[in-house]
Number of protein chains: 2
Amino acid sequence: MKDKQAAKVTINEVAAHAGVSKSTVSRYINGKLDAISPKKVQSIKKAIEELNYRPSQMAQGLKVKKSKVIGFLVADITNPFSVATLRGVEEVCDQYGYSIMVCNTDNSPEKEREMLYKLKAHYIEGLIINTTGQNNDVLMDLISQDVSIVLVDRKVPGLKLDAVTTNNRDVTSQIVNMMYDKGYSHVGLFTEPMKGISPREERVSAYTEIALERNAGRIPFVYEVDAKDKEALLQSVNSFLTMNEGKKAILGNNGLLMLKIISCLYELGASIPEDIGIAGFDDTEWYKLIGPGITTIAQPSHEMGRVAMERIIKRLEGDESAPQTIELEAELVLRHSL
Amino acid sequence: MKDKQAAKVTINEVAAHAGVSKSTVSRYINGKLDAISPKKVQSIKKAIEELNYRPSQMAQGLKVKKSKVIGFLVADITNPFSVATLRGVEEVCDQYGYSIMVCNTDNSPEKEREMLYKLKAHYIEGLIINTTGQNNDVLMDLISQDVSIVLVDRKVPGLKLDAVTTNNRDVTSQIVNMMYDKGYSHVGLFTEPMKGISPREERVSAYTEIALERNAGRIPFVYEVDAKDKEALLQSVNSFLTMNEGKKAILGNNGLLMLKIISCLYELGASIPEDIGIAGFDDTEWYKLIGPGITTIAQPSHEMGRVAMERIIKRLEGDESAPQTIELEAELVLRHSL
DNA sequence: CTGTTAGCGCTTTCAC
DNA sequence: GTGAAAGCGCTAACAG
């Protein structure tokens, strides 16, 4: 390590420099200006500027049990949906002086658990989480430690927590109906394993309901696939594509999966929407540039992040009202893939 | 606030529970096991498990001046390039028990400065930054505070810091040459304002050099545009497109810009590569699905994140060698947009 | 208004 | 081996 390390300036130096006690400096820092004589305010201000002093979050935090950091725990930060949400969270964090600690879980409950403990050790004040649903005990522990939690996108049954989600059921019904209206007799839903993940389940359930209703007698086509298993996915897509009847369309359960499905379609030489229609969830700017433009359900992910963080701020400010789940509206973006 | 708050379990409870002093527990936590009698090791282990104890990072940090957090400061976390890098950083952070604090600067030097101070207040041990280059003083201050800094993607002249970059010049020359080889007589480079940002400058300079060499007498076509100003961009693209001579191709300086340019091309009804060729930097999975597939220079962004973080770990472990810039190889991904 | 004092939860000499 | 004590940088009574 370097030893020419300039000692960090502390409240003591400021106090000495300004000729006051550190309590007074502390008061100044905490904005209790009207409890300090104007001249001292001036000298403290001057000292702080000259020394370029910044209070240590660690020391402050240790004392008041407030770290000014909030945790953002998602399955995969690489997912554009998560990034957009993070952006929203960040905007309001910034506004209130909070910092964000970002963690990936890769949908692994064990990793999630580890991360939760890590975040706890950092005394996070709030947590925005896209949970696997397998660590409710740790979540409860965090709650008892006074950290404010809000679930984004995924709700957890039996966990009374604030949540911000989208109207998955409605919007799924809407698009599935539209698909049938457009004359697609066979609409297949591709989804990653549900594993109790609420938005996936809601979409599947809404789809199934409409499929049953509109397509009497034919079983709904739900393909549960692993987006990472390219071969298997290709198989599934191909088997759906080559069923020898009807006009077909695929509904993809999320953006990442859509990407894989479209790749498969290209590989199989199927053209959109002539050979097969397709629509999905999430929206990225790229969607409009792919094929004829992909019709999709755009989630207000950025907004979800903002709302989630605002909820946390409210909680931190003392709001004790019952947990609520805020459902934001997803938007159907019509392009030409159907 | 809730008052049923379960007190956080501290080292004292553990000590009491295990019937030892807190010094001994501290020794245990810090792995000095051979300095503790085996039976005490057992009882401490048991106590920790039963109480589900985790040492407070804040308290530890305050004492040893190590927060176990590293800062990740980028212009725009929404940029896929940044996300991939973050992912890489995260992997190695995880491995060494570090947490990441993520901040956006939006390319604003003022915001960057604010964030740097914020990060400093959190006693970050390391910083991975994609800098505007306008806050070298704060960076130096951080250095004097013993935080290890590594620049990613963007180098800063005059700042002797570790950096990880890509071989922009080489790879740009390569692709530009290829474009001319393919018979494009007019290749235009579209870039966002250079403002001293090294990769942009390097690419423009490499392009200019080749353009001059291969296209004697014709001035290079460098369009400096604002990716956010849709109208102006459309203008520029159109003016290049409608020059009434030669076979044309565009080279876009980064992924975000590419997206906008391709949109413009679609809007103008130009088809790729018949009416105009195009190639760019960065690579996202979507590139292969757009038009005929976009030829691009894929940066090893994930790898860059890993390498950057590994560099920090080395520094933190005491490596005092001279700052080095590690240049990773970008890869030319040939598809059919040229 | 302002300084003194006592910790926050941990690490680290320094004795025993 | 192990505990007592001091202190990291800060805040929060409590006097004055």
# chains A, B, ... in the order shown; residues from 1 in each chain; ligands from 1
call {"tool": "closest_atom_pairs", "arguments": {"of": "chain A", "to": "chain D", "cutoff": "7 Å", "atoms": "only C-alpha atoms (C1' of nucleotides)", "output": "Markdown table"}}
result
| residue | atom | partner | partner_atom | distance |
| --- | --- | --- | --- | --- |
| A:Thr10 | CA | D:DG9 | C1' | 6.6 |
| A:Ser56 | CA | D:DG9 | C1' | 6.7 |
| A:Ala59 | CA | D:DG9 | C1' | 4.9 |
| A:Gln60 | CA | D:DC10 | C1' | 5.0 |
| A:Lys63 | CA | D:DT11 | C1' | 6.2 |
call {"tool": "write_last_selection", "arguments": {"atoms": "N, CA and C atoms", "output": "mmCIF file, in the first residue's frame"}}
result
data_model
loop_
_atom_site.group_PDB
_atom_site.id
_atom_site.type_symbol
_atom_site.label_atom_id
_atom_site.label_comp_id
_atom_site.auth_asym_id
_atom_site.auth_seq_id
_atom_site.Cartn_x
_atom_site.Cartn_y
_atom_site.Cartn_z
ATOM 1 N N THR A 10 -11.203 14.718 8.690
ATOM 2 C CA THR A 10 -12.325 14.314 9.539
ATOM 3 C C THR A 10 -12.989 15.531 10.175
ATOM 4 N N SER A 56 -17.866 11.112 6.673
ATOM 5 C CA SER A 56 -17.776 9.697 6.337
ATOM 6 C C SER A 56 -19.129 9.020 6.511
ATOM 7 N N ALA A 59 -18.953 6.286 9.248
ATOM 8 C CA ALA A 59 -19.034 6.714 10.640
ATOM 9 C C ALA A 59 -20.449 7.183 10.951
ATOM 10 N N GLN A 60 -20.973 8.005 10.059
ATOM 11 C CA GLN A 60 -22.348 8.475 10.254
ATOM 12 C C GLN A 60 -23.277 7.276 10.355
ATOM 13 N N LYS A 63 -23.191 5.225 13.462
ATOM 14 C CA LYS A 63 -23.844 5.927 14.562
ATOM 15 C C LYS A 63 -25.364 5.912 14.450
#
call {"tool": "residues_around", "arguments": {"residues": "C:DG3", "least_positions_apart": "4", "cutoff": "10 Å", "atoms": "only C-alpha atoms (C1' of nucleotides)", "output": "JSON list (two decimals) with all heavy atoms, in the first residue's frame"}}
result
[["chain", "number", "residue", "atom", "x", "y", "z"],
["A", 20, "VAL", "N", -14.22, 25.57, 16.53],
["A", 20, "VAL", "CA", -15.44, 25.22, 17.26],
["A", 20, "VAL", "C", -15.31, 23.75, 17.68],
["A", 20, "VAL", "O", -14.34, 23.10, 17.35],
["A", 20, "VAL", "CB", -16.70, 25.38, 16.38],
["A", 20, "VAL", "CG1", -16.82, 26.80, 15.89],
["A", 20, "VAL", "CG2", -16.64, 24.41, 15.21],
["A", 21, "SER", "N", -16.31, 23.25, 18.38],
["A", 21, "SER", "CA", -16.24, 21.84, 18.77],
["A", 21, "SER", "C", -16.83, 20.99, 17.65],
["A", 21, "SER", "O", -17.56, 21.49, 16.79],
["A", 21, "SER", "CB", -17.03, 21.61, 20.04],
["A", 21, "SER", "OG", -18.40, 21.58, 19.73],
["A", 22, "LYS", "N", -16.52, 19.72, 17.69],
["A", 22, "LYS", "CA", -17.02, 18.90, 16.62],
["A", 22, "LYS", "C", -18.54, 18.74, 16.67],
["A", 22, "LYS", "O", -19.17, 18.49, 15.65],
["A", 22, "LYS", "CB", -16.32, 17.54, 16.58],
["A", 22, "LYS", "CG", -16.47, 16.69, 17.79],
["A", 22, "LYS", "CD", -15.77, 15.35, 17.55],
["A", 22, "LYS", "CE", -15.94, 14.41, 18.71],
["A", 22, "LYS", "NZ", -15.42, 13.07, 18.41],
["A", 23, "SER", "N", -19.12, 18.91, 17.84],
["A", 23, "SER", "CA", -20.58, 18.84, 17.93],
["A", 23, "SER", "C", -21.19, 19.91, 17.04],
["A", 23, "SER", "O", -22.16, 19.68, 16.33],
["A", 23, "SER", "CB", -21.05, 19.08, 19.35],
["A", 23, "SER", "OG", -20.15, 18.55, 20.26],
["A", 24, "THR", "N", -20.59, 21.05, 17.11],
["A", 24, "THR", "CA", -21.12, 22.15, 16.31],
["A", 24, "THR", "C", -20.97, 21.86, 14.83],
["A", 24, "THR", "O", -21.88, 22.12, 14.05],
["A", 24, "THR", "CB", -20.40, 23.46, 16.69],
["A", 24, "THR", "OG1", -20.53, 23.64, 18.11],
["A", 24, "THR", "CG2", -21.03, 24.63, 15.99],
["D", 15, "DA", "P", -28.08, 16.25, 32.97],
["D", 15, "DA", "OP1", -28.15, 15.12, 33.93],
["D", 15, "DA", "OP2", -29.34, 16.96, 32.59],
["D", 15, "DA", "O5'", -27.08, 17.33, 33.54],
["D", 15, "DA", "C5'", -26.98, 18.51, 32.82],
["D", 15, "DA", "C4'", -25.53, 18.89, 32.70],
["D", 15, "DA", "O4'", -25.23, 19.02, 31.29],
["D", 15, "DA", "C3'", -25.28, 20.26, 33.33],
["D", 15, "DA", "O3'", -23.95, 20.34, 33.81],
["D", 15, "DA", "C2'", -25.51, 21.22, 32.17],
["D", 15, "DA", "C1'", -25.12, 20.40, 30.94],
["D", 15, "DA", "N9", -26.02, 20.62, 29.81],
["D", 15, "DA", "C8", -27.34, 20.30, 29.72],
["D", 15, "DA", "N7", -27.90, 20.66, 28.57],
["D", 15, "DA", "C5", -26.85, 21.25, 27.88],
["D", 15, "DA", "C6", -26.76, 21.84, 26.61],
["D", 15, "DA", "N6", -27.81, 21.92, 25.79],
["D", 15, "DA", "N1", -25.57, 22.34, 26.24],
["D", 15, "DA", "C2", -24.53, 22.25, 27.07],
["D", 15, "DA", "N3", -24.48, 21.72, 28.27],
["D", 15, "DA", "C4", -25.69, 21.23, 28.63],
["D", 16, "DG", "P", -23.67, 21.45, 34.95],
["D", 16, "DG", "OP1", -22.36, 21.07, 35.54],
["D", 16, "DG", "OP2", -24.88, 21.56, 35.80],
["D", 16, "DG", "O5'", -23.49, 22.80, 34.14],
["D", 16, "DG", "C5'", -22.25, 23.07, 33.53],
["D", 16, "DG", "C4'", -22.41, 24.15, 32.50],
["D", 16, "DG", "O4'", -23.42, 23.79, 31.54],
["D", 16, "DG", "C3'", -22.84, 25.51, 33.08],
["D", 16, "DG", "O3'", -21.88, 26.47, 32.67],
["D", 16, "DG", "C2'", -24.16, 25.81, 32.39],
["D", 16, "DG", "C1'", -24.01, 25.01, 31.10],
["D", 16, "DG", "N9", -25.23, 24.74, 30.36],
["D", 16, "DG", "C8", -26.37, 24.12, 30.83],
["D", 16, "DG", "N7", -27.31, 24.05, 29.94],
["D", 16, "DG", "C5", -26.77, 24.67, 28.80],
["D", 16, "DG", "C6", -27.33, 24.90, 27.52],
["D", 16, "DG", "O6", -28.45, 24.59, 27.12],
["D", 16, "DG", "N1", -26.43, 25.55, 26.69],
["D", 16, "DG", "C2", -25.16, 25.95, 27.04],
["D", 16, "DG", "N2", -24.45, 26.56, 26.10],
["D", 16, "DG", "N3", -24.63, 25.73, 28.22],
["D", 16, "DG", "C4", -25.49, 25.09, 29.06]]
call {"tool": "residues_around", "arguments": {"residues": "stretch 101-110 of chain B", "least_positions_apart": "3", "cutoff": "8 Å", "atoms": "only C-alpha atoms (C1' of nucleotides)", "output": "list in words"}}
result
Glu90, Ser99, Ile100, Met101 and Val102 of chain A; Val69, Ile70, Gly71, Phe72, Leu73, Val74, Ala75, Asp76, Ile77, Arg113, Glu114, Met115, Leu119, Thr131, Thr132, Gly133, Gln134 and Asn135 of chain B
call {"tool": "interface_residues", "arguments": {"of": "chain B", "to": "chain C", "cutoff": "12 Å", "atoms": "only C-alpha atoms (C1' of nucleotides)", "output": "mmCIF file with all heavy atoms, in the first residue's frame"}}
result
data_model
loop_
_atom_site.group_PDB
_atom_site.id
_atom_site.type_symbol
_atom_site.label_atom_id
_atom_site.label_comp_id
_atom_site.auth_asym_id
_atom_site.auth_seq_id
_atom_site.Cartn_x
_atom_site.Cartn_y
_atom_site.Cartn_z
ATOM 1 N N LYS B 8 -30.101 -5.647 16.022
ATOM 2 C CA LYS B 8 -29.166 -6.360 15.176
ATOM 3 C C LYS B 8 -28.176 -7.101 16.070
ATOM 4 O O LYS B 8 -27.690 -6.543 17.045
ATOM 5 C CB LYS B 8 -28.432 -5.323 14.332
ATOM 6 C CG LYS B 8 -27.584 -5.915 13.263
ATOM 7 C CD LYS B 8 -27.532 -4.981 12.063
ATOM 8 C CE LYS B 8 -26.952 -5.699 10.875
ATOM 9 N NZ LYS B 8 -27.531 -5.230 9.630
ATOM 10 N N VAL B 9 -27.898 -8.315 15.736
ATOM 11 C CA VAL B 9 -26.958 -9.033 16.605
ATOM 12 C C VAL B 9 -25.531 -8.588 16.321
ATOM 13 O O VAL B 9 -25.108 -8.486 15.176
ATOM 14 C CB VAL B 9 -27.123 -10.583 16.525
ATOM 15 C CG1 VAL B 9 -27.984 -10.982 15.366
ATOM 16 C CG2 VAL B 9 -25.805 -11.293 16.513
ATOM 17 N N THR B 10 -24.831 -8.267 17.397
ATOM 18 C CA THR B 10 -23.483 -7.727 17.281
ATOM 19 C C THR B 10 -22.459 -8.719 17.826
ATOM 20 O O THR B 10 -22.800 -9.758 18.365
ATOM 21 C CB THR B 10 -23.351 -6.437 18.096
ATOM 22 O OG1 THR B 10 -23.271 -6.798 19.476
ATOM 23 C CG2 THR B 10 -24.529 -5.526 17.879
ATOM 24 N N ILE B 11 -21.254 -8.305 17.694
ATOM 25 C CA ILE B 11 -20.158 -9.151 18.147
ATOM 26 C C ILE B 11 -20.256 -9.421 19.652
ATOM 27 O O ILE B 11 -19.814 -10.462 20.138
ATOM 28 C CB ILE B 11 -18.801 -8.486 17.794
ATOM 29 C CG1 ILE B 11 -17.682 -9.518 17.842
ATOM 30 C CG2 ILE B 11 -18.541 -7.295 18.693
ATOM 31 C CD1 ILE B 11 -16.366 -8.984 17.306
ATOM 32 N N ASN B 12 -20.844 -8.497 20.354
ATOM 33 C CA ASN B 12 -20.975 -8.668 21.802
ATOM 34 C C ASN B 12 -21.878 -9.840 22.176
ATOM 35 O O ASN B 12 -21.538 -10.628 23.046
ATOM 36 C CB ASN B 12 -21.497 -7.387 22.438
ATOM 37 C CG ASN B 12 -20.454 -6.299 22.439
ATOM 38 O OD1 ASN B 12 -19.347 -6.489 22.956
ATOM 39 N ND2 ASN B 12 -20.767 -5.174 21.821
ATOM 40 N N GLU B 13 -23.029 -9.911 21.484
ATOM 41 C CA GLU B 13 -23.919 -11.031 21.760
ATOM 42 C C GLU B 13 -23.211 -12.348 21.472
ATOM 43 O O GLU B 13 -23.318 -13.299 22.226
ATOM 44 C CB GLU B 13 -25.174 -10.979 20.893
ATOM 45 C CG GLU B 13 -26.261 -10.085 21.440
ATOM 46 C CD GLU B 13 -26.243 -8.745 20.746
ATOM 47 O OE1 GLU B 13 -26.877 -8.625 19.690
ATOM 48 O OE2 GLU B 13 -25.552 -7.826 21.235
ATOM 49 N N LYS B 22 -14.990 -10.441 23.129
ATOM 50 C CA LYS B 22 -15.233 -10.077 21.741
ATOM 51 C C LYS B 22 -13.943 -10.048 20.927
ATOM 52 O O LYS B 22 -13.953 -10.237 19.718
ATOM 53 C CB LYS B 22 -15.980 -8.763 21.630
ATOM 54 C CG LYS B 22 -15.319 -7.572 22.232
ATOM 55 C CD LYS B 22 -16.188 -6.341 21.950
ATOM 56 C CE LYS B 22 -15.524 -5.074 22.456
ATOM 57 N NZ LYS B 22 -16.267 -3.881 22.055
ATOM 58 N N SER B 23 -12.817 -9.863 21.586
ATOM 59 C CA SER B 23 -11.550 -9.902 20.850
ATOM 60 C C SER B 23 -11.413 -11.260 20.178
ATOM 61 O O SER B 23 -10.981 -11.364 19.027
ATOM 62 C CB SER B 23 -10.377 -9.726 21.794
ATOM 63 O OG SER B 23 -10.668 -8.776 22.769
ATOM 64 N N THR B 24 -11.765 -12.270 20.923
ATOM 65 C CA THR B 24 -11.623 -13.617 20.379
ATOM 66 C C THR B 24 -12.580 -13.843 19.210
ATOM 67 O O THR B 24 -12.211 -14.424 18.194
ATOM 68 C CB THR B 24 -11.860 -14.655 21.480
ATOM 69 O OG1 THR B 24 -10.979 -14.358 22.566
ATOM 70 C CG2 THR B 24 -11.568 -16.044 20.975
ATOM 71 N N VAL B 25 -13.768 -13.337 19.368
ATOM 72 C CA VAL B 25 -14.708 -13.466 18.259
ATOM 73 C C VAL B 25 -14.140 -12.739 17.042
ATOM 74 O O VAL B 25 -14.182 -13.249 15.925
ATOM 75 C CB VAL B 25 -16.089 -12.881 18.623
ATOM 76 C CG1 VAL B 25 -17.019 -12.982 17.437
ATOM 77 C CG2 VAL B 25 -16.665 -13.607 19.817
ATOM 78 N N SER B 26 -13.599 -11.587 17.303
ATOM 79 C CA SER B 26 -13.019 -10.819 16.216
ATOM 80 C C SER B 26 -11.927 -11.635 15.528
ATOM 81 O O SER B 26 -11.838 -11.680 14.299
ATOM 82 C CB SER B 26 -12.446 -9.512 16.746
ATOM 83 O OG SER B 26 -11.773 -8.825 15.721
ATOM 84 N N ARG B 27 -11.113 -12.269 16.320
ATOM 85 C CA ARG B 27 -10.053 -13.107 15.744
ATOM 86 C C ARG B 27 -10.664 -14.178 14.864
ATOM 87 O O ARG B 27 -10.198 -14.448 13.760
ATOM 88 C CB ARG B 27 -9.240 -13.755 16.861
ATOM 89 C CG ARG B 27 -8.400 -12.760 17.618
ATOM 90 C CD ARG B 27 -7.444 -13.422 18.596
ATOM 91 N NE ARG B 27 -6.747 -12.399 19.368
ATOM 92 C CZ ARG B 27 -7.085 -12.051 20.619
ATOM 93 N NH1 ARG B 27 -8.069 -12.661 21.248
ATOM 94 N NH2 ARG B 27 -6.427 -11.084 21.240
ATOM 95 N N TYR B 28 -11.714 -14.755 15.359
ATOM 96 C CA TYR B 28 -12.392 -15.807 14.604
ATOM 97 C C TYR B 28 -12.866 -15.270 13.253
ATOM 98 O O TYR B 28 -12.585 -15.835 12.205
ATOM 99 C CB TYR B 28 -13.575 -16.338 15.407
ATOM 100 C CG TYR B 28 -14.367 -17.394 14.679
ATOM 101 C CD1 TYR B 28 -14.075 -18.745 14.830
ATOM 102 C CD2 TYR B 28 -15.409 -17.043 13.807
ATOM 103 C CE1 TYR B 28 -14.783 -19.718 14.146
ATOM 104 C CE2 TYR B 28 -16.118 -17.994 13.123
ATOM 105 C CZ TYR B 28 -15.815 -19.325 13.287
ATOM 106 O OH TYR B 28 -16.518 -20.282 12.606
ATOM 107 N N ILE B 29 -13.579 -14.164 13.340
ATOM 108 C CA ILE B 29 -14.093 -13.543 12.110
ATOM 109 C C ILE B 29 -12.984 -13.316 11.097
ATOM 110 O O ILE B 29 -13.161 -13.523 9.908
ATOM 111 C CB ILE B 29 -14.726 -12.175 12.427
ATOM 112 C CG1 ILE B 29 -15.935 -12.341 13.321
ATOM 113 C CG2 ILE B 29 -15.107 -11.466 11.147
ATOM 114 C CD1 ILE B 29 -16.478 -11.018 13.818
ATOM 115 N N ASN B 30 -11.849 -12.891 11.607
ATOM 116 C CA ASN B 30 -10.765 -12.573 10.697
ATOM 117 C C ASN B 30 -9.870 -13.754 10.371
ATOM 118 O O ASN B 30 -8.742 -13.588 9.909
ATOM 119 C CB ASN B 30 -9.971 -11.395 11.245
ATOM 120 C CG ASN B 30 -10.817 -10.131 11.238
ATOM 121 O OD1 ASN B 30 -11.084 -9.565 10.192
ATOM 122 N ND2 ASN B 30 -11.282 -9.731 12.409
ATOM 123 N N ARG B 54 -23.748 -11.687 11.374
ATOM 124 C CA ARG B 54 -22.911 -11.188 10.280
ATOM 125 C C ARG B 54 -22.259 -9.915 10.747
ATOM 126 O O ARG B 54 -22.965 -8.984 11.149
ATOM 127 C CB ARG B 54 -23.770 -10.847 9.057
ATOM 128 C CG ARG B 54 -24.237 -12.020 8.289
ATOM 129 C CD ARG B 54 -23.389 -12.186 7.065
ATOM 130 N NE ARG B 54 -23.577 -13.488 6.456
ATOM 131 C CZ ARG B 54 -23.213 -13.752 5.202
ATOM 132 N NH1 ARG B 54 -22.699 -12.808 4.456
ATOM 133 N NH2 ARG B 54 -23.371 -14.958 4.732
ATOM 134 N N PRO B 55 -20.960 -9.819 10.707
ATOM 135 C CA PRO B 55 -20.308 -8.589 11.156
ATOM 136 C C PRO B 55 -20.767 -7.392 10.336
ATOM 137 O O PRO B 55 -21.055 -7.519 9.151
ATOM 138 C CB PRO B 55 -18.820 -8.867 10.959
ATOM 139 C CG PRO B 55 -18.717 -10.124 10.193
ATOM 140 C CD PRO B 55 -20.018 -10.844 10.298
ATOM 141 N N SER B 56 -20.849 -6.280 10.972
ATOM 142 C CA SER B 56 -21.257 -5.056 10.289
ATOM 143 C C SER B 56 -20.119 -4.507 9.448
ATOM 144 O O SER B 56 -19.044 -4.195 9.937
ATOM 145 C CB SER B 56 -21.663 -4.015 11.322
ATOM 146 O OG SER B 56 -21.501 -2.725 10.793
ATOM 147 N N GLN B 57 -20.397 -4.389 8.161
ATOM 148 C CA GLN B 57 -19.385 -3.839 7.261
ATOM 149 C C GLN B 57 -19.033 -2.417 7.674
ATOM 150 O O GLN B 57 -17.914 -1.966 7.522
ATOM 151 C CB GLN B 57 -19.904 -3.812 5.822
ATOM 152 C CG GLN B 57 -19.870 -5.127 5.094
ATOM 153 C CD GLN B 57 -18.459 -5.557 4.747
ATOM 154 O OE1 GLN B 57 -17.503 -4.808 4.906
ATOM 155 N NE2 GLN B 57 -18.324 -6.789 4.295
ATOM 156 N N MET B 58 -20.026 -1.713 8.175
ATOM 157 C CA MET B 58 -19.785 -0.323 8.518
ATOM 158 C C MET B 58 -18.801 -0.211 9.663
ATOM 159 O O MET B 58 -17.867 0.574 9.613
ATOM 160 C CB MET B 58 -21.084 0.330 8.932
ATOM 161 C CG MET B 58 -22.160 0.198 7.895
ATOM 162 S SD MET B 58 -23.296 1.564 8.005
ATOM 163 C CE MET B 58 -22.408 2.757 7.019
ATOM 164 N N ALA B 59 -19.044 -1.006 10.692
ATOM 165 C CA ALA B 59 -18.168 -0.949 11.852
ATOM 166 C C ALA B 59 -16.768 -1.428 11.471
ATOM 167 O O ALA B 59 -15.767 -0.775 11.781
ATOM 168 C CB ALA B 59 -18.742 -1.797 12.974
ATOM 169 N N GLN B 60 -16.741 -2.544 10.767
ATOM 170 C CA GLN B 60 -15.452 -3.056 10.331
ATOM 171 C C GLN B 60 -14.740 -2.010 9.488
ATOM 172 O O GLN B 60 -13.588 -1.699 9.697
ATOM 173 C CB GLN B 60 -15.654 -4.292 9.452
ATOM 174 C CG GLN B 60 -15.621 -5.586 10.188
ATOM 175 C CD GLN B 60 -15.710 -6.784 9.235
ATOM 176 O OE1 GLN B 60 -15.862 -7.895 9.679
ATOM 177 N NE2 GLN B 60 -15.625 -6.549 7.931
ATOM 178 N N GLY B 61 -15.504 -1.496 8.545
ATOM 179 C CA GLY B 61 -14.947 -0.527 7.622
ATOM 180 C C GLY B 61 -14.427 0.702 8.331
ATOM 181 O O GLY B 61 -13.340 1.187 8.045
ATOM 182 N N LEU B 62 -15.191 1.174 9.259
ATOM 183 C CA LEU B 62 -14.789 2.377 9.984
ATOM 184 C C LEU B 62 -13.449 2.131 10.660
ATOM 185 O O LEU B 62 -12.561 2.979 10.662
ATOM 186 C CB LEU B 62 -15.842 2.717 11.037
ATOM 187 C CG LEU B 62 -15.540 3.960 11.862
ATOM 188 C CD1 LEU B 62 -15.360 5.165 10.949
ATOM 189 C CD2 LEU B 62 -16.665 4.225 12.842
ATOM 190 N N LYS B 63 -13.327 0.964 11.214
ATOM 191 C CA LYS B 63 -12.106 0.618 11.941
ATOM 192 C C LYS B 63 -10.903 0.434 11.012
ATOM 193 O O LYS B 63 -9.856 1.020 11.212
ATOM 194 C CB LYS B 63 -12.364 -0.677 12.709
ATOM 195 C CG LYS B 63 -11.260 -1.069 13.642
ATOM 196 C CD LYS B 63 -11.169 -0.109 14.803
ATOM 197 C CE LYS B 63 -9.800 -0.217 15.465
ATOM 198 N NZ LYS B 63 -9.624 0.780 16.493
ATOM 199 N N VAL B 64 -11.072 -0.406 10.031
ATOM 200 C CA VAL B 64 -9.929 -0.723 9.186
ATOM 201 C C VAL B 64 -9.846 0.100 7.900
ATOM 202 O O VAL B 64 -8.964 -0.101 7.084
ATOM 203 C CB VAL B 64 -9.896 -2.210 8.821
ATOM 204 C CG1 VAL B 64 -9.926 -3.057 10.068
ATOM 205 C CG2 VAL B 64 -11.059 -2.564 7.922
ATOM 206 N N LYS B 65 -10.780 1.000 7.763
ATOM 207 C CA LYS B 65 -10.771 1.850 6.570
ATOM 208 C C LYS B 65 -10.896 1.032 5.292
ATOM 209 O O LYS B 65 -10.235 1.323 4.290
ATOM 210 C CB LYS B 65 -9.479 2.672 6.513
ATOM 211 C CG LYS B 65 -9.630 4.091 6.969
ATOM 212 C CD LYS B 65 -9.448 4.229 8.463
ATOM 213 C CE LYS B 65 -9.506 5.694 8.846
ATOM 214 N NZ LYS B 65 -8.469 6.475 8.125
ATOM 215 N N LYS B 66 -11.714 0.045 5.342
ATOM 216 C CA LYS B 66 -11.957 -0.760 4.140
ATOM 217 C C LYS B 66 -13.447 -1.063 4.092
ATOM 218 O O LYS B 66 -13.988 -1.674 5.005
ATOM 219 C CB LYS B 66 -11.189 -2.079 4.208
ATOM 220 C CG LYS B 66 -9.699 -1.921 4.266
ATOM 221 C CD LYS B 66 -8.998 -2.766 3.230
ATOM 222 C CE LYS B 66 -7.557 -2.326 3.047
ATOM 223 N NZ LYS B 66 -7.384 -0.851 2.968
#
call {"tool": "select_by_dssp", "arguments": {"residues": "stretch 1-230 of chain A", "states": "alpha helix (DSSP H)", "output": "PyMOL selection string"}}
result
chain A and resi 11-18+22-29+38-51+57-64+80-95+109-121+136-144+168-181+198-214+230
call {"tool": "closest_residue", "arguments": {"among": "A:Thr85, A:Gln145, A:Asn167, A:Ser37", "to": "chain B", "atoms": "only C-alpha atoms"}}
result
A:Gln145
call {"tool": "atom_distance", "arguments": {"atom1": "atom CA of A:Gly280", "atom2": "atom CA of B:Phe281"}}
result
27.2 Å
call {"tool": "atom_distance", "arguments": {"atom1": "atom CA of B:Lys32", "atom2": "atom CA of B:Val89"}}
result
29.2 Å
call {"tool": "residues_around", "arguments": {"residues": "B:Ala322", "least_positions_apart": "4", "cutoff": "10 Å", "atoms": "only C-alpha atoms (C1' of nucleotides)", "output": "compact mmCIF listing (two decimals) with all heavy atoms, in the first residue's frame"}}
result
# COMPACT_ATOMS: atom_id res chain seq x y z
N LYS B 160 -1.80 9.15 -15.11
CA LYS B 160 -1.12 7.87 -15.04
C LYS B 160 -1.92 6.89 -14.21
O LYS B 160 -1.72 6.78 -12.99
CB LYS B 160 0.28 8.07 -14.43
CG LYS B 160 1.24 8.81 -15.34
CD LYS B 160 1.44 8.09 -16.68
CE LYS B 160 2.29 6.84 -16.52
NZ LYS B 160 2.32 6.02 -17.74
N LEU B 161 -2.82 6.21 -14.88
CA LEU B 161 -3.70 5.28 -14.19
C LEU B 161 -3.80 3.98 -14.96
O LEU B 161 -3.59 3.96 -16.17
CB LEU B 161 -5.10 5.91 -14.13
CG LEU B 161 -5.65 6.46 -12.83
CD1 LEU B 161 -4.58 6.94 -11.90
CD2 LEU B 161 -6.65 7.55 -13.11
N ASP B 162 -4.13 2.92 -14.27
CA ASP B 162 -4.38 1.67 -14.96
C ASP B 162 -5.57 1.89 -15.88
O ASP B 162 -6.48 2.65 -15.55
CB ASP B 162 -4.74 0.57 -13.96
CG ASP B 162 -3.52 0.05 -13.22
OD1 ASP B 162 -2.47 -0.12 -13.86
OD2 ASP B 162 -3.62 -0.18 -12.00
